[in-house]
Amino acid sequence: MHRFLISAAHKSSGKTTLSIGLAAALSARELSVQTFKKGPDYIDPMWLTAATGRSCRNLDFNLSSPEQLRTEFARHGVRADVCLVEGNHGLYDGLDLEGADSNAALARLLDLPVVLVLDARGMTRGIAPLILGYQTFDRSLRIAGVILSRVGGPRHETKLRAVIEHYTDVPVLGAVHEDPHVAICERHLGLTPTNEDGAVASRIALLAEAIGRQVDLGRLLALTESAAPLPAVLPFSARPHERVRIGIARDRAFGFYYADDVDALERAGAQLVPFDTLRDARLPAVEGLLIGGGFPELFMRELEANSALRAEILAAITGGMPVYAECGGLMYLARSLSWRGETRRMVGAIRGDVTMHERAVGRGYVSLVPTPAHPWPGLCGEAAPVPAHEFHHSSIDGLAAETRFAWRVARGFGVDGKSDGIVVNNLLASYSHLRSTGGRDWAASFVAFVRKVAEDHRPRVAMAQQ
């Protein structure tokens, strides 16, 4: 088995593009590649999943304990030939002085060698002290090699290789030249999501060819081979529940779902039924709805134009159907959405109006405390704080003074800096993104709530039909 963590000196070093290309190039060698992404991220995992055909898994110090991270890494990595972990930010960057949640800390925790990606633009001899500094800052880490990115050309590459070979003992595993033809477009949240890019397969194929040609894959595998097996992990115990049908919005506007949350929903008894908010005129036959994050502002004309589905969703929420919406889903369920001087009607279940802003309104990790208005029973015990994360450029205004909220925000912003999780009938719509990790299984709580509402509703339906 081969295991390694890909990190960089700083953000925007070409690390994600390289990770996608490596994952695809190694998969093309008929190796089973299991990818992981450090931290809270939806978009990079979508690309890594597309590159390998295996669901990318997130590893987050702030939402899981170290032991849970080890377990999840072993659970999903044990059947793979290669475990590739893409870091976030720089190798030593973290929220605290000690870097307890840094990429370096994750590499130590999982005993992973580091492949350091270095943005070489404008550098020659100066790259040597950078590498030496990264080596000596934490000698418990093993930097297996470096991959140079954004190299200016053959002459630039030759100079860089000569400097690194002369001053350091770190192998150069590859040099990726600047090439706009294989770049993936970026926005304020990073790469363009795969659900919006109609040329995903061809882009990944180009990346795989370019990376496979410019990185020594054989040497990379040799330097990251591990003889130590991953520990055995007990399988999840089955829950003998009657399955409930939950519609899940999966289209170009909405697609931000963590793979482990989807697994948790299915383990809890959910049969997930996809629907398209842009094209479907009717909801599928379901007992609950899940509308995750995304970029509804980019598709607000199409969302408004699909008035039939908007009316169906509004009627479902008014009638008491359990619905959970996160961030982009909240925006869609509001009365209107405004962006760049244009306003479009949305579902209208939430009596408020959403406005997109140029700068982030809420960004980072949040801590949420459930209120008595929270509709899901048994989510987290006696008012225990729930860790989550948020990243939204929108705000919602015009909410009534009597609006009910499921969460008190102990840290973060949410809807207004104090509260999050708008409750309307059996709808919970929140800017915060939950994870079914750390012993807080929101997925099981939501499915149980959907099941309870459905069971309570069935006797009334049966009586009405008699």
# chains A, B, ... in the order shown; residues from 1 in each chain; ligands from 1
$ residues_around --residues "Phe391 (chain A)" --least-positions-apart "6" --cutoff "12 Å" --atoms "only C-alpha atoms" --output "list in words"
Pro40, Asp41, Tyr42, His188, Leu189, Gly190, Gly293, Gly294, Phe295, Glu326, Cys327, Gly328, Arg359, Ala360, Val361, Gly362, Arg363, Gly364, Tyr365, Val366, Gly412, Phe413, Gly414, Val415, Ser430, Tyr431, Ser432 and His433 of chain A
$ residues_around --residues "Asn58 (chain A)" --least-positions-apart "2" --cutoff "7 Å" --atoms "only C-alpha atoms" --output "PyMOL selection string"
chain A and resi 36-39+56+60
$ write_last_selection --atoms "N, CA and C atoms" --output "mmCIF file, in the first residue's frame"
data_model
loop_
_atom_site.group_PDB
_atom_site.id
_atom_site.type_symbol
_atom_site.label_atom_id
_atom_site.label_comp_id
_atom_site.auth_asym_id
_atom_site.auth_seq_id
_atom_site.Cartn_x
_atom_site.Cartn_y
_atom_site.Cartn_z
ATOM 1 N N PHE A 36 -8.714 11.484 0.104
ATOM 2 C CA PHE A 36 -9.228 12.152 1.292
ATOM 3 C C PHE A 36 -8.937 13.642 1.137
ATOM 4 N N LYS A 37 -9.789 14.460 1.721
ATOM 5 C CA LYS A 37 -9.577 15.902 1.728
ATOM 6 C C LYS A 37 -9.614 16.391 3.162
ATOM 7 N N LYS A 38 -8.564 17.108 3.546
ATOM 8 C CA LYS A 38 -8.531 17.650 4.895
ATOM 9 C C LYS A 38 -9.415 18.889 4.990
ATOM 10 N N GLY A 39 -10.194 18.966 6.060
ATOM 11 C CA GLY A 39 -10.969 20.156 6.348
ATOM 12 C C GLY A 39 -12.344 20.156 5.726
ATOM 13 N N CYS A 56 -14.547 10.505 -2.331
ATOM 14 C CA CYS A 56 -13.539 11.145 -1.498
ATOM 15 C C CYS A 56 -14.113 11.363 -0.104
ATOM 16 N N ASP A 60 -11.424 16.081 9.285
ATOM 17 C CA ASP A 60 -11.477 17.424 9.852
ATOM 18 C C ASP A 60 -11.258 17.378 11.357
#
$ residues_around --residues "region 153-159 of chain A" --least-positions-apart "6" --cutoff "12 Å" --atoms "only C-alpha atoms" --output "list in words"
Ala120, Arg121, Gly122, Met123, Thr124, Arg125, Gly126, Ile127, Ala128, Ile147, Glu165, His166, Val172, Gly174, Ala175, Val176, His177, Glu178, Asp179 and Gln214 of chain A
$ write_last_selection --atoms "C-alpha atoms" --output "short mmCIF file (atom, residue, chain, number, x, y, z; two decimals), in the first residue's frame"
data_model
loop_
_atom_site.label_atom_id
_atom_site.label_comp_id
_atom_site.auth_asym_id
_atom_site.auth_seq_id
_atom_site.Cartn_x
_atom_site.Cartn_y
_atom_site.Cartn_z
CA ALA A 120 7.98 28.00 -8.39
CA ARG A 121 6.92 31.19 -10.16
CA GLY A 122 9.73 33.73 -9.99
CA MET A 123 12.02 31.44 -7.97
CA THR A 124 15.38 29.82 -8.63
CA ARG A 125 18.04 29.67 -5.88
CA GLY A 126 15.57 30.89 -3.27
CA ILE A 127 13.70 27.62 -3.39
CA ALA A 128 16.48 25.84 -1.45
CA ILE A 147 6.72 18.61 -6.91
CA GLU A 165 19.92 18.78 -5.81
CA HIS A 166 22.92 20.89 -4.76
CA VAL A 172 12.26 16.32 -7.01
CA GLY A 174 8.14 16.24 -10.82
CA ALA A 175 7.90 19.67 -12.39
CA VAL A 176 4.53 20.77 -13.72
CA HIS A 177 4.74 23.58 -16.23
CA GLU A 178 2.21 26.41 -16.33
CA ASP A 179 -0.55 25.43 -18.76
CA GLN A 214 5.60 15.52 -15.75
#
$ closest_residue --among "A:Ala388, A:Ala228, A:Ile350, A:Val82" --to "Arg29 (chain A)" --atoms "only C-alpha atoms"
A:Val82
$ atom_distance --atom1 "CA of Arg252 (chain A)" --atom2 "CA of Ser55 (chain A)"
18.7 Å
$ atom_distance --atom1 "CA of Leu368 (chain A)" --atom2 "CA of Glu297 (chain A)"
26.3 Å
$ closest_atom_pairs --of "region 153-230 of chain A" --to "region 1-11 of chain A" --cutoff "12 Å" --atoms "only C-alpha atoms" --output "CSV"
residue,atom,partner,partner_atom,distance
A:Gly190,CA,A:Lys11,CA,10.7
A:Leu217,CA,A:His2,CA,11.6
A:Gly218,CA,A:His2,CA,11.3
A:Arg219,CA,A:His2,CA,11.5
A:Leu220,CA,A:His2,CA,9.1
A:Leu221,CA,A:His2,CA,6.3
A:Ala222,CA,A:His2,CA,8.2
A:Leu223,CA,A:His2,CA,8.6
A:Thr224,CA,A:His2,CA,5.3
A:Glu225,CA,A:His2,CA,4.3
A:Ser226,CA,A:Met1,CA,5.7
A:Ala227,CA,A:Met1,CA,7.0
A:Ala228,CA,A:Met1,CA,8.5
A:Pro229,CA,A:Met1,CA,7.9
A:Leu230,CA,A:Met1,CA,9.3
$ write_last_selection --atoms "N, CA and C atoms" --output "mmCIF file, in the first residue's frame"
data_model
loop_
_atom_site.group_PDB
_atom_site.id
_atom_site.type_symbol
_atom_site.label_atom_id
_atom_site.label_comp_id
_atom_site.auth_asym_id
_atom_site.auth_seq_id
_atom_site.Cartn_x
_atom_site.Cartn_y
_atom_site.Cartn_z
ATOM 1 N N GLY A 190 -13.533 28.401 -4.540
ATOM 2 C CA GLY A 190 -12.545 27.466 -5.063
ATOM 3 C C GLY A 190 -12.884 27.051 -6.481
ATOM 4 N N LEU A 217 5.788 8.983 -11.475
ATOM 5 C CA LEU A 217 4.843 8.229 -10.659
ATOM 6 C C LEU A 217 5.499 7.014 -10.006
ATOM 7 N N GLY A 218 6.379 6.369 -10.718
ATOM 8 C CA GLY A 218 7.061 5.216 -10.144
ATOM 9 C C GLY A 218 7.873 5.579 -8.920
ATOM 10 N N ARG A 219 8.610 6.688 -8.992
ATOM 11 C CA ARG A 219 9.410 7.108 -7.841
ATOM 12 C C ARG A 219 8.511 7.570 -6.697
ATOM 13 N N LEU A 220 7.417 8.250 -7.031
ATOM 14 C CA LEU A 220 6.464 8.655 -6.001
ATOM 15 C C LEU A 220 5.939 7.448 -5.241
ATOM 16 N N LEU A 221 5.559 6.407 -5.961
ATOM 17 C CA LEU A 221 5.045 5.204 -5.301
ATOM 18 C C LEU A 221 6.124 4.526 -4.471
ATOM 19 N N ALA A 222 7.347 4.496 -4.981
ATOM 20 C CA ALA A 222 8.432 3.846 -4.236
ATOM 21 C C ALA A 222 8.720 4.564 -2.923
ATOM 22 N N LEU A 223 8.652 5.892 -2.938
ATOM 23 C CA LEU A 223 8.978 6.677 -1.743
ATOM 24 C C LEU A 223 7.828 6.748 -0.742
ATOM 25 N N THR A 224 6.628 6.335 -1.149
ATOM 26 C CA THR A 224 5.481 6.424 -0.241
ATOM 27 C C THR A 224 4.897 5.056 0.088
ATOM 28 N N GLU A 225 5.658 4.010 -0.191
ATOM 29 C CA GLU A 225 5.174 2.665 0.113
ATOM 30 C C GLU A 225 5.224 2.421 1.613
ATOM 31 N N SER A 226 4.198 1.765 2.136
ATOM 32 C CA SER A 226 4.129 1.471 3.566
ATOM 33 C C SER A 226 3.902 -0.016 3.766
ATOM 34 N N ALA A 227 4.718 -0.609 4.623
ATOM 35 C CA ALA A 227 4.562 -2.033 4.926
ATOM 36 C C ALA A 227 3.568 -2.258 6.057
ATOM 37 N N ALA A 228 3.307 -1.220 6.840
ATOM 38 C CA ALA A 228 2.416 -1.364 7.999
ATOM 39 C C ALA A 228 0.965 -1.388 7.534
ATOM 40 N N PRO A 229 0.226 -2.450 7.868
ATOM 41 C CA PRO A 229 -1.185 -2.507 7.449
ATOM 42 C C PRO A 229 -2.024 -1.532 8.256
ATOM 43 N N LEU A 230 -3.121 -1.082 7.665
ATOM 44 C CA LEU A 230 -4.062 -0.246 8.400
ATOM 45 C C LEU A 230 -4.821 -1.111 9.402
#
$ select_by_dssp --residues "region 181-360 of chain A" --states "alpha helix (DSSP H)" --output "JSON, numbers by chain"
{"A": [200, 201, 202, 203, 204, 205, 206, 207, 208, 209, 210, 211, 212, 213, 214, 217, 218, 219, 220, 221, 222, 223, 259, 260, 261, 262, 263, 264, 265, 266, 267, 300, 301, 302, 303, 304, 305, 307, 308, 309, 310, 311, 312, 313, 314, 315, 316, 317, 318, 328, 329, 330, 331, 332, 333]}
